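K.L.:
Can you keep this structure in mind? I'll have questions shortly.
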Amino acid sequence: MADLTLARNELEQYRCNANDAIQFKLVRKIEDIDDDTSCFPAEMTHQFFGDSEMLFGYVDPKVKLYYTAAKLIPYLNVTFKEIVDENDLGVPPDDVAKIIVDTTEMQAFCTTNLNVFQSAVQDDLKFKPFGEKVDEYLLHTKSGIEHHFEVYFVKIEEPGFREFHSRLQTFIKFFIDAASYIDVDDESWDYFIVLERYKMEGEVHYAVAGYMTTYNFYAYPSCVRPRISQVLVLPPFQRMGLCARMIQTFYNRCYTRSEVIDITVEDPSENFQRVRDYVDCKNCLKLSSFTPEELHKGFSQSMVHDTRTKLKLSKLQTRRVYEILRLKATDENDKEMTRSFRLDVKRRLNIPFLKNRRTFQKLQNCLNSDELSQTLGVMKKEQRFQYLEKTYQDEVAVYRIIIDRLNMFS
């Protein structure tokens, strides 16, 4: 037993968190390569090293995954203080470089040669944006630094873009949970690329800041339902409002397309849903059907009509925006106004229970009540009230985050 414990302790020194070991960097000039202050870590590595996200076989491993800032040519370098002796301990080290290269499918364009990468950094300065420029704007950081961004709409057949996209999508498995690569041969995909335009030695250059993919789903007889699929803002550019601006740029294009019925989102993360809610709320505040007076009257067909025709929003998303904006317009010192809002939200949350009750009644003729309760897992009345209250409080907590952001920028 003592020997087993000793062996385990010895193996443990060769384990580390892969998220901490992997360091990314976007390189604009040769000097950036040795500037450790510009590194950022992976957010997740479970698609590479399993659910534990543990890297095995090394003491103090450093995995450098650097990209040229515009063309995104990757450079991969793995160093460590010590490597496990497979013959001594009987366990081989993870082949880190192979795992990363194979999982991201970057075999054709990743280099491990620093000299080759340095040449790529120099060549990167020749980069020209793909596609059609559809938006541009200036943003200022809290420190007062000005950033100029441009958004480009691109189709996969654009010369050179297929290869560029292959490099761009290598980020998603590190930064988007459950991410997978899309079928670029499907012409229904659209791409939006966000670039920072900057000057260096008097010359204009570009650096990739983020991107979004959208898919045009066919809707009978001759319409489409565009769906936002993947959205990624690279860590050095996060918390600058780029995601919200990207969504709005996409919306603006949809508004002018008569064939668009409504806009949907594919399995949004909590963070993305909050950004989407913020954008939709900001847009709905401009509509006459969303004035405080109208909001206090309750959810209406005029709201659904206005958001569908003017903003291309679904009824489900419109209802969510209505609740957020009604809470914003609610004086929480007014008990009756607050109670009215709470009951309105809970009536919506209670709809699934009402549907289940109707199902329960229909099946009563088929099964006795005991069998039916076991079959449907009917929730007791007290449990249902507790569930509704908790769900209500959870929803309101999220709504308040969005309202705080609306108030901050109003």
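Chain lettering (A, B, ...) mirrors the order of the structure tokens, residue numbering begins at 1 for each chain separately, and ligand numbering begins at 1 in order of display.
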For A:Ser314, work out the shell of residues within 7 Å, counting only C-alpha atoms and skipping chain neighbours fewer than 5 positions away, then give it as JSON, numbers by chain.
P.N.:
{"A": [262, 263, 308]}
K.L.:
Using all heavy atoms, can you export the residues from the last selection as a short mmCIF file (atom, residue, chain, number, x, y, z; two decimals), in the first residue's frame?
P.N.:
```cif
data_model
loop_
_atom_site.label_atom_id
_atom_site.label_comp_id
_atom_site.auth_asym_id
_atom_site.auth_seq_id
_atom_site.Cartn_x
_atom_site.Cartn_y
_atom_site.Cartn_z
N ASP A 262 -37.58 35.65 -39.35
CA ASP A 262 -37.08 36.05 -38.04
C ASP A 262 -35.67 35.51 -37.85
O ASP A 262 -35.18 34.70 -38.64
CB ASP A 262 -38.00 35.59 -36.90
CG ASP A 262 -38.26 34.09 -36.90
OD1 ASP A 262 -37.40 33.33 -37.41
OD2 ASP A 262 -39.31 33.67 -36.39
N ILE A 263 -35.02 36.00 -36.80
CA ILE A 263 -33.63 35.65 -36.52
C ILE A 263 -33.60 34.75 -35.29
O ILE A 263 -34.25 35.04 -34.29
CB ILE A 263 -32.80 36.92 -36.25
CG1 ILE A 263 -32.82 37.84 -37.48
CG2 ILE A 263 -31.36 36.56 -35.88
CD1 ILE A 263 -32.36 39.25 -37.19
N ARG A 308 -41.53 41.62 -35.04
CA ARG A 308 -41.40 40.73 -36.20
C ARG A 308 -41.16 41.52 -37.48
O ARG A 308 -40.29 41.15 -38.28
CB ARG A 308 -42.66 39.88 -36.32
CG ARG A 308 -42.72 38.98 -37.57
CD ARG A 308 -41.62 37.92 -37.57
NE ARG A 308 -41.78 36.99 -36.47
CZ ARG A 308 -42.49 35.86 -36.54
NH1 ARG A 308 -43.13 35.55 -37.65
NH2 ARG A 308 -42.54 35.05 -35.50
#
```
K.L.:
Within 9 Å of stretch 219-236 of chain A, which residues of stretch 105-212 of chain A come that close, and what is the closest atom pair and distance in Å for each? Count only C-alpha atoms and give it as a tab-separated table.
P.N.:
```
residue	atom	partner	partner_atom	distance
A:Phe171	CA	A:Leu234	CA	8.5
A:Ile172	CA	A:Leu232	CA	7.3
A:Phe175	CA	A:Leu232	CA	7.7
A:Ile176	CA	A:Leu232	CA	7.5
A:Ala179	CA	A:Gln230	CA	8.2
A:Val194	CA	A:Val233	CA	8.5
A:Val208	CA	A:Leu234	CA	8.2
A:Ala209	CA	A:Leu234	CA	5.7
A:Gly210	CA	A:Val233	CA	4.2
A:Tyr211	CA	A:Leu232	CA	5.6
A:Met212	CA	A:Val231	CA	4.4
```
K.L.:
Next, dump the selected residues to file, keeping only all heavy atoms, as a tab-separated table (two decimals), in the first residue's frame.
P.N.:
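Okay, this is what ended up in part32.tsv:
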```tsv
chain	number	residue	atom	x	y	z
A	171	PHE	N	-9.43	28.35	-33.01
A	171	PHE	CA	-9.61	28.93	-31.68
A	171	PHE	C	-10.82	28.37	-30.94
A	171	PHE	O	-10.85	28.33	-29.71
A	171	PHE	CB	-9.79	30.46	-31.77
A	171	PHE	CG	-8.53	31.21	-32.10
A	171	PHE	CD1	-8.27	31.63	-33.39
A	171	PHE	CD2	-7.60	31.51	-31.10
A	171	PHE	CE1	-7.11	32.34	-33.70
A	171	PHE	CE2	-6.44	32.21	-31.40
A	171	PHE	CZ	-6.20	32.64	-32.70
A	172	ILE	N	-11.86	27.96	-31.69
A	172	ILE	CA	-13.16	27.76	-31.05
A	172	ILE	C	-13.17	26.64	-30.02
A	172	ILE	O	-13.89	26.71	-29.03
A	172	ILE	CB	-14.29	27.56	-32.09
A	172	ILE	CG1	-14.10	26.27	-32.89
A	172	ILE	CG2	-14.40	28.77	-32.99
A	172	ILE	CD1	-15.28	25.98	-33.81
A	175	PHE	N	-12.21	28.06	-26.77
A	175	PHE	CA	-12.94	29.20	-26.21
A	175	PHE	C	-14.46	29.12	-26.32
A	175	PHE	O	-15.15	29.98	-25.78
A	175	PHE	CB	-12.45	30.49	-26.89
A	175	PHE	CG	-11.01	30.79	-26.61
A	175	PHE	CD1	-10.03	30.49	-27.54
A	175	PHE	CD2	-10.63	31.34	-25.40
A	175	PHE	CE1	-8.69	30.74	-27.28
A	175	PHE	CE2	-9.29	31.60	-25.13
A	175	PHE	CZ	-8.31	31.30	-26.07
A	176	ILE	N	-15.02	28.12	-27.02
A	176	ILE	CA	-16.47	27.95	-27.10
A	176	ILE	C	-16.80	26.54	-26.66
A	176	ILE	O	-16.34	25.57	-27.26
A	176	ILE	CB	-17.00	28.20	-28.52
A	176	ILE	CG1	-16.66	29.61	-29.00
A	176	ILE	CG2	-18.51	27.98	-28.56
A	176	ILE	CD1	-17.11	29.90	-30.42
A	179	ALA	N	-17.90	23.27	-28.96
A	179	ALA	CA	-17.77	23.78	-30.33
A	179	ALA	C	-17.38	22.66	-31.29
A	179	ALA	O	-16.69	21.72	-30.94
A	179	ALA	CB	-16.70	24.87	-30.37
A	194	VAL	N	-14.41	40.51	-37.71
A	194	VAL	CA	-14.11	41.81	-37.10
A	194	VAL	C	-12.60	42.00	-37.04
A	194	VAL	O	-11.88	41.14	-36.49
A	194	VAL	CB	-14.69	41.90	-35.67
A	194	VAL	CG1	-14.42	43.29	-35.09
A	194	VAL	CG2	-16.18	41.62	-35.67
A	208	VAL	N	-6.98	40.41	-36.41
A	208	VAL	CA	-8.28	39.77	-36.20
A	208	VAL	C	-8.71	39.95	-34.74
A	208	VAL	O	-7.95	39.68	-33.81
A	208	VAL	CB	-8.21	38.26	-36.54
A	208	VAL	CG1	-9.53	37.58	-36.22
A	208	VAL	CG2	-7.85	38.07	-38.01
A	209	ALA	N	-9.97	40.40	-34.55
A	209	ALA	CA	-10.51	40.59	-33.21
A	209	ALA	C	-11.60	39.59	-32.88
A	209	ALA	O	-11.81	39.24	-31.72
A	209	ALA	CB	-11.06	42.01	-33.06
A	210	GLY	N	-12.31	39.10	-33.90
A	210	GLY	CA	-13.38	38.14	-33.64
A	210	GLY	C	-14.11	37.79	-34.92
A	210	GLY	O	-13.82	38.33	-36.00
A	211	TYR	N	-15.09	36.90	-34.80
A	211	TYR	CA	-15.88	36.54	-35.97
A	211	TYR	C	-17.20	35.90	-35.57
A	211	TYR	O	-17.40	35.50	-34.42
A	211	TYR	CB	-15.09	35.62	-36.90
A	211	TYR	CG	-15.11	34.14	-36.55
A	211	TYR	CD1	-15.77	33.22	-37.36
A	211	TYR	CD2	-14.43	33.65	-35.43
A	211	TYR	CE1	-15.76	31.85	-37.07
A	211	TYR	CE2	-14.40	32.29	-35.14
A	211	TYR	CZ	-15.08	31.40	-35.96
A	211	TYR	OH	-15.07	30.06	-35.66
A	212	MET	N	-18.10	35.83	-36.53
A	212	MET	CA	-19.41	35.22	-36.31
A	212	MET	C	-19.81	34.46	-37.57
A	212	MET	O	-19.56	34.92	-38.69
A	212	MET	CB	-20.46	36.29	-36.00
A	212	MET	CG	-21.87	35.76	-35.86
A	212	MET	SD	-23.00	36.99	-35.13
A	212	MET	CE	-23.06	38.22	-36.43
```
K.L.:
Go through A:Met303, A:Asp277, A:Glu323, A:Phe40 one by one, measure the shortest atom-to-atom distance of each to A:Gln238 using only C-alpha atoms, and give the residue with the smallest value.
P.N.:
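Looking at the shortest contact to A:Gln238, the residue is A:Phe40.
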K.L.:
What lies within 10 Å of A:Met240 using only C-alpha atoms, ignoring chain neighbours under 5 positions off, as a PyMOL selection string?
P.N.:
chain A and resi 139-142+147+233+245
K.L.:
Find the residue from A:Glu163, A:Glu53, A:Asp85, A:Asp124 that sits nearest to A:Ala108; use only C-alpha atoms when measuring.
P.N.:
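Comparing A:Glu163, A:Glu53, A:Asp85, A:Asp124 against A:Ala108, the winner is A:Glu163.
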K.L.:
Could you find all residues in stretch 133-325 of chain A that DSSP calls strand (DSSP E) from the backbone, and write them as a ChimeraX atom specification?
P.N.:
/A:133-140,146-154,189-200,203-219,223-233,264-265
K.L.:
Keeping only C-alpha atoms, write those residues as a PDB file, in the first residue's frame.
P.N.:
```
ATOM      1  CA  LYS A 133     -16.843  46.009 -45.430  1.00  0.00           C
ATOM      2  CA  VAL A 134     -20.297  46.365 -43.840  1.00  0.00           C
ATOM      3  CA  ASP A 135     -19.538  48.367 -40.701  1.00  0.00           C
ATOM      4  CA  GLU A 136     -16.809  50.300 -38.912  1.00  0.00           C
ATOM      5  CA  TYR A 137     -16.630  52.142 -35.610  1.00  0.00           C
ATOM      6  CA  LEU A 138     -14.356  53.670 -33.002  1.00  0.00           C
ATOM      7  CA  LEU A 139     -14.259  52.351 -29.441  1.00  0.00           C
ATOM      8  CA  HIS A 140     -12.422  53.741 -26.441  1.00  0.00           C
ATOM      9  CA  GLU A 146      -8.865  54.539 -29.213  1.00  0.00           C
ATOM     10  CA  HIS A 147      -9.498  51.414 -31.313  1.00  0.00           C
ATOM     11  CA  HIS A 148     -10.791  51.427 -34.883  1.00  0.00           C
ATOM     12  CA  PHE A 149     -12.722  48.311 -35.902  1.00  0.00           C
ATOM     13  CA  GLU A 150     -14.060  47.179 -39.257  1.00  0.00           C
ATOM     14  CA  VAL A 151     -16.553  44.368 -39.939  1.00  0.00           C
ATOM     15  CA  TYR A 152     -16.456  42.368 -43.177  1.00  0.00           C
ATOM     16  CA  PHE A 153     -19.112  40.116 -44.676  1.00  0.00           C
ATOM     17  CA  VAL A 154     -17.568  37.153 -46.489  1.00  0.00           C
ATOM     18  CA  TRP A 189     -23.198  29.799 -44.298  1.00  0.00           C
ATOM     19  CA  ASP A 190     -22.312  33.486 -43.996  1.00  0.00           C
ATOM     20  CA  TYR A 191     -19.240  34.868 -42.213  1.00  0.00           C
ATOM     21  CA  PHE A 192     -18.631  38.159 -40.407  1.00  0.00           C
ATOM     22  CA  ILE A 193     -15.030  39.024 -39.535  1.00  0.00           C
ATOM     23  CA  VAL A 194     -14.114  41.812 -37.096  1.00  0.00           C
ATOM     24  CA  LEU A 195     -10.699  43.388 -37.643  1.00  0.00           C
ATOM     25  CA  GLU A 196      -8.874  46.071 -35.730  1.00  0.00           C
ATOM     26  CA  ARG A 197      -7.326  48.599 -38.085  1.00  0.00           C
ATOM     27  CA  TYR A 198      -4.191  50.111 -36.623  1.00  0.00           C
ATOM     28  CA  LYS A 199      -1.113  52.024 -37.713  1.00  0.00           C
ATOM     29  CA  MET A 200       2.471  50.960 -37.234  1.00  0.00           C
ATOM     30  CA  GLU A 203       1.320  52.196 -42.308  1.00  0.00           C
ATOM     31  CA  VAL A 204      -2.211  50.789 -41.917  1.00  0.00           C
ATOM     32  CA  HIS A 205      -2.414  47.153 -40.804  1.00  0.00           C
ATOM     33  CA  TYR A 206      -5.060  44.750 -39.529  1.00  0.00           C
ATOM     34  CA  ALA A 207      -5.479  42.302 -36.660  1.00  0.00           C
ATOM     35  CA  VAL A 208      -8.276  39.766 -36.199  1.00  0.00           C
ATOM     36  CA  ALA A 209     -10.506  40.593 -33.208  1.00  0.00           C
ATOM     37  CA  GLY A 210     -13.383  38.138 -33.645  1.00  0.00           C
ATOM     38  CA  TYR A 211     -15.878  36.537 -35.974  1.00  0.00           C
ATOM     39  CA  MET A 212     -19.405  35.218 -36.313  1.00  0.00           C
ATOM     40  CA  THR A 213     -20.968  32.526 -38.501  1.00  0.00           C
ATOM     41  CA  THR A 214     -24.640  32.531 -39.455  1.00  0.00           C
ATOM     42  CA  TYR A 215     -26.739  29.994 -41.336  1.00  0.00           C
ATOM     43  CA  ASN A 216     -29.680  30.734 -43.634  1.00  0.00           C
ATOM     44  CA  PHE A 217     -32.355  28.106 -42.967  1.00  0.00           C
ATOM     45  CA  TYR A 218     -34.946  27.679 -45.702  1.00  0.00           C
ATOM     46  CA  ALA A 219     -38.530  28.569 -44.758  1.00  0.00           C
ATOM     47  CA  CYS A 223     -38.167  32.737 -47.114  1.00  0.00           C
ATOM     48  CA  VAL A 224     -35.238  32.178 -44.755  1.00  0.00           C
ATOM     49  CA  ARG A 225     -34.657  32.092 -41.017  1.00  0.00           C
ATOM     50  CA  PRO A 226     -31.055  33.214 -40.396  1.00  0.00           C
ATOM     51  CA  ARG A 227     -29.519  31.601 -37.325  1.00  0.00           C
ATOM     52  CA  ILE A 228     -26.499  32.874 -35.430  1.00  0.00           C
ATOM     53  CA  SER A 229     -24.231  29.878 -34.921  1.00  0.00           C
ATOM     54  CA  GLN A 230     -20.731  30.648 -33.644  1.00  0.00           C
ATOM     55  CA  VAL A 231     -19.607  33.944 -32.135  1.00  0.00           C
ATOM     56  CA  LEU A 232     -16.107  34.471 -30.815  1.00  0.00           C
ATOM     57  CA  VAL A 233     -14.393  37.632 -29.643  1.00  0.00           C
ATOM     58  CA  THR A 264     -32.737  32.752 -34.239  1.00  0.00           C
ATOM     59  CA  VAL A 265     -29.689  31.655 -32.242  1.00  0.00           C
TER      60      VAL A 265
END
```
K.L.:
Using only C-alpha atoms, which of the listed residues (A:Arg276, A:Lys310, A:Lys346, A:Arg257) sits closest to A:Tyr392?
P.N.:
A:Lys346
K.L.:
If you run DSSP on this backbone, which residues of stretch 78-207 of chain A come out as helix (DSSP H, G or I), and could you give them as a ChimeraX atom specification?
P.N.:
/A:86-89,96-104,114-124,161-175
K.L.:
Go ahead and write the selection's residues with N, CA, C and O atoms as a short mmCIF file (atom, residue, chain, number, x, y, z; two decimals), in the first residue's frame.
P.N.:
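out-v1.cif, written as the output of this step:
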```cif
data_model
loop_
_atom_site.label_atom_id
_atom_site.label_comp_id
_atom_site.auth_asym_id
_atom_site.auth_seq_id
_atom_site.Cartn_x
_atom_site.Cartn_y
_atom_site.Cartn_z
N GLU A 86 8.91 7.00 -18.94
CA GLU A 86 7.91 5.97 -19.20
C GLU A 86 8.39 4.59 -18.76
O GLU A 86 7.62 3.79 -18.23
N ASN A 87 9.68 4.30 -18.95
CA ASN A 87 10.22 2.99 -18.56
C ASN A 87 10.21 2.81 -17.04
O ASN A 87 10.03 1.70 -16.54
N ASP A 88 10.39 3.92 -16.33
CA ASP A 88 10.45 3.85 -14.86
C ASP A 88 9.07 3.73 -14.24
O ASP A 88 8.82 2.91 -13.36
N LEU A 89 8.12 4.58 -14.73
CA LEU A 89 6.80 4.62 -14.11
C LEU A 89 5.73 3.89 -14.91
O LEU A 89 4.61 3.70 -14.44
N VAL A 96 1.55 16.26 -26.41
CA VAL A 96 0.78 17.50 -26.40
C VAL A 96 0.66 18.13 -27.78
O VAL A 96 -0.43 18.50 -28.22
N ALA A 97 1.78 18.24 -28.48
CA ALA A 97 1.76 18.89 -29.79
C ALA A 97 0.85 18.13 -30.76
O ALA A 97 0.05 18.74 -31.47
N LYS A 98 0.96 16.81 -30.78
CA LYS A 98 0.14 16.00 -31.69
C LYS A 98 -1.35 16.12 -31.34
O LYS A 98 -2.20 16.24 -32.23
N ILE A 99 -1.67 16.10 -30.05
CA ILE A 99 -3.07 16.21 -29.62
C ILE A 99 -3.67 17.54 -30.09
O ILE A 99 -4.78 17.59 -30.64
N ILE A 100 -2.93 18.62 -29.90
CA ILE A 100 -3.43 19.95 -30.29
C ILE A 100 -3.56 20.06 -31.80
O ILE A 100 -4.59 20.51 -32.33
N VAL A 101 -2.54 19.63 -32.51
CA VAL A 101 -2.54 19.72 -33.98
C VAL A 101 -3.65 18.88 -34.59
O VAL A 101 -4.38 19.33 -35.48
N ASP A 102 -3.81 17.65 -34.10
CA ASP A 102 -4.83 16.76 -34.66
C ASP A 102 -6.24 17.24 -34.34
O ASP A 102 -7.13 17.20 -35.20
N THR A 103 -6.45 17.70 -33.11
CA THR A 103 -7.80 18.11 -32.70
C THR A 103 -8.24 19.38 -33.42
O THR A 103 -9.42 19.55 -33.75
N THR A 104 -7.31 20.27 -33.68
CA THR A 104 -7.64 21.53 -34.37
C THR A 104 -7.50 21.41 -35.89
O THR A 104 -7.82 22.36 -36.61
N LEU A 114 10.69 28.52 -35.25
CA LEU A 114 10.59 29.93 -34.88
C LEU A 114 11.00 30.85 -36.02
O LEU A 114 10.39 31.90 -36.22
N ASN A 115 12.01 30.47 -36.78
CA ASN A 115 12.44 31.31 -37.90
C ASN A 115 11.34 31.44 -38.96
O ASN A 115 11.12 32.51 -39.53
N VAL A 116 10.66 30.32 -39.21
CA VAL A 116 9.55 30.33 -40.17
C VAL A 116 8.44 31.24 -39.66
O VAL A 116 7.85 32.01 -40.42
N PHE A 117 8.18 31.16 -38.36
CA PHE A 117 7.13 31.99 -37.78
C PHE A 117 7.51 33.47 -37.85
O PHE A 117 6.66 34.32 -38.15
N GLN A 118 8.74 33.80 -37.59
CA GLN A 118 9.18 35.19 -37.67
C GLN A 118 9.00 35.75 -39.08
O GLN A 118 8.58 36.90 -39.25
N SER A 119 9.27 34.93 -40.07
CA SER A 119 9.05 35.34 -41.46
C SER A 119 7.57 35.57 -41.73
O SER A 119 7.17 36.50 -42.44
N ALA A 120 6.72 34.69 -41.12
CA ALA A 120 5.27 34.83 -41.27
C ALA A 120 4.77 36.12 -40.64
O ALA A 120 3.85 36.76 -41.15
N VAL A 121 5.38 36.53 -39.52
CA VAL A 121 5.00 37.78 -38.86
C VAL A 121 5.28 38.96 -39.79
O VAL A 121 4.46 39.89 -39.91
N GLN A 122 6.42 38.93 -40.45
CA GLN A 122 6.76 40.00 -41.39
C GLN A 122 5.79 40.02 -42.57
O GLN A 122 5.32 41.07 -42.99
N ASP A 123 5.48 38.82 -43.08
CA ASP A 123 4.57 38.73 -44.23
C ASP A 123 3.15 39.12 -43.86
O ASP A 123 2.37 39.57 -44.70
N ASP A 124 2.82 38.99 -42.58
CA ASP A 124 1.48 39.30 -42.08
C ASP A 124 1.10 40.75 -42.33
O ASP A 124 -0.09 41.08 -42.45
N PHE A 161 -10.10 32.73 -48.68
CA PHE A 161 -10.82 32.78 -47.40
C PHE A 161 -11.01 31.39 -46.79
O PHE A 161 -11.00 31.25 -45.56
N ARG A 162 -11.18 30.38 -47.60
CA ARG A 162 -11.34 29.02 -47.07
C ARG A 162 -10.15 28.65 -46.19
O ARG A 162 -10.31 28.11 -45.09
N GLU A 163 -8.94 28.92 -46.66
CA GLU A 163 -7.74 28.61 -45.89
C GLU A 163 -7.66 29.48 -44.63
O GLU A 163 -7.28 29.02 -43.56
N PHE A 164 -8.02 30.76 -44.79
CA PHE A 164 -8.02 31.67 -43.64
C PHE A 164 -9.01 31.17 -42.57
O PHE A 164 -8.69 31.15 -41.38
N HIS A 165 -10.19 30.76 -42.99
CA HIS A 165 -11.20 30.27 -42.04
C HIS A 165 -10.72 29.01 -41.34
O HIS A 165 -11.02 28.82 -40.15
N SER A 166 -9.99 28.16 -42.04
CA SER A 166 -9.45 26.95 -41.40
C SER A 166 -8.54 27.31 -40.23
O SER A 166 -8.54 26.62 -39.20
N ARG A 167 -7.79 28.39 -40.37
CA ARG A 167 -6.92 28.83 -39.28
C ARG A 167 -7.73 29.53 -38.19
O ARG A 167 -7.49 29.33 -37.00
N LEU A 168 -8.71 30.33 -38.60
CA LEU A 168 -9.54 31.07 -37.65
C LEU A 168 -10.31 30.15 -36.71
O LEU A 168 -10.38 30.37 -35.50
N GLN A 169 -10.87 29.08 -37.27
CA GLN A 169 -11.72 28.20 -36.45
C GLN A 169 -10.93 27.34 -35.46
O GLN A 169 -11.51 26.71 -34.59
N THR A 170 -9.61 27.34 -35.54
CA THR A 170 -8.81 26.57 -34.57
C THR A 170 -8.95 27.12 -33.15
O THR A 170 -8.65 26.42 -32.18
N PHE A 171 -9.43 28.35 -33.01
CA PHE A 171 -9.61 28.93 -31.68
C PHE A 171 -10.82 28.37 -30.94
O PHE A 171 -10.85 28.33 -29.71
N ILE A 172 -11.86 27.96 -31.69
CA ILE A 172 -13.16 27.76 -31.05
C ILE A 172 -13.17 26.64 -30.02
O ILE A 172 -13.89 26.71 -29.03
N LYS A 173 -12.37 25.58 -30.23
CA LYS A 173 -12.41 24.47 -29.27
C LYS A 173 -11.73 24.83 -27.95
O LYS A 173 -11.88 24.13 -26.95
N PHE A 174 -10.99 25.92 -27.95
CA PHE A 174 -10.37 26.42 -26.72
C PHE A 174 -11.25 27.46 -26.02
O PHE A 174 -11.05 27.75 -24.85
N PHE A 175 -12.21 28.06 -26.77
CA PHE A 175 -12.94 29.20 -26.21
C PHE A 175 -14.46 29.12 -26.32
O PHE A 175 -15.15 29.98 -25.78
#
```
K.L.:
One number please: atom CA of A:Phe409 to atom CA of A:Ser38, in Å, one decimal.
P.N.:
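According to the coordinates, atom CA of A:Phe409 and atom CA of A:Ser38 are separated by 29.0 Å.
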K.L.:
Near A:Val27, counting only C-alpha atoms, which residues have an atom at most 6 Å away, once you skip same-chain residues fewer than 5 positions from it, shown as a list in words?
P.N.:
Asp32, Tyr67, Thr68 and Ala69 of chain A
K.L.:
Just to confirm, what's the straight-line distance from atom CA of A:Pro61 to atom CA of A:Ala21 in Å (one decimal)?
P.N.:
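For atom CA of A:Pro61 relative to atom CA of A:Ala21, the distance reads 6.0 Å.
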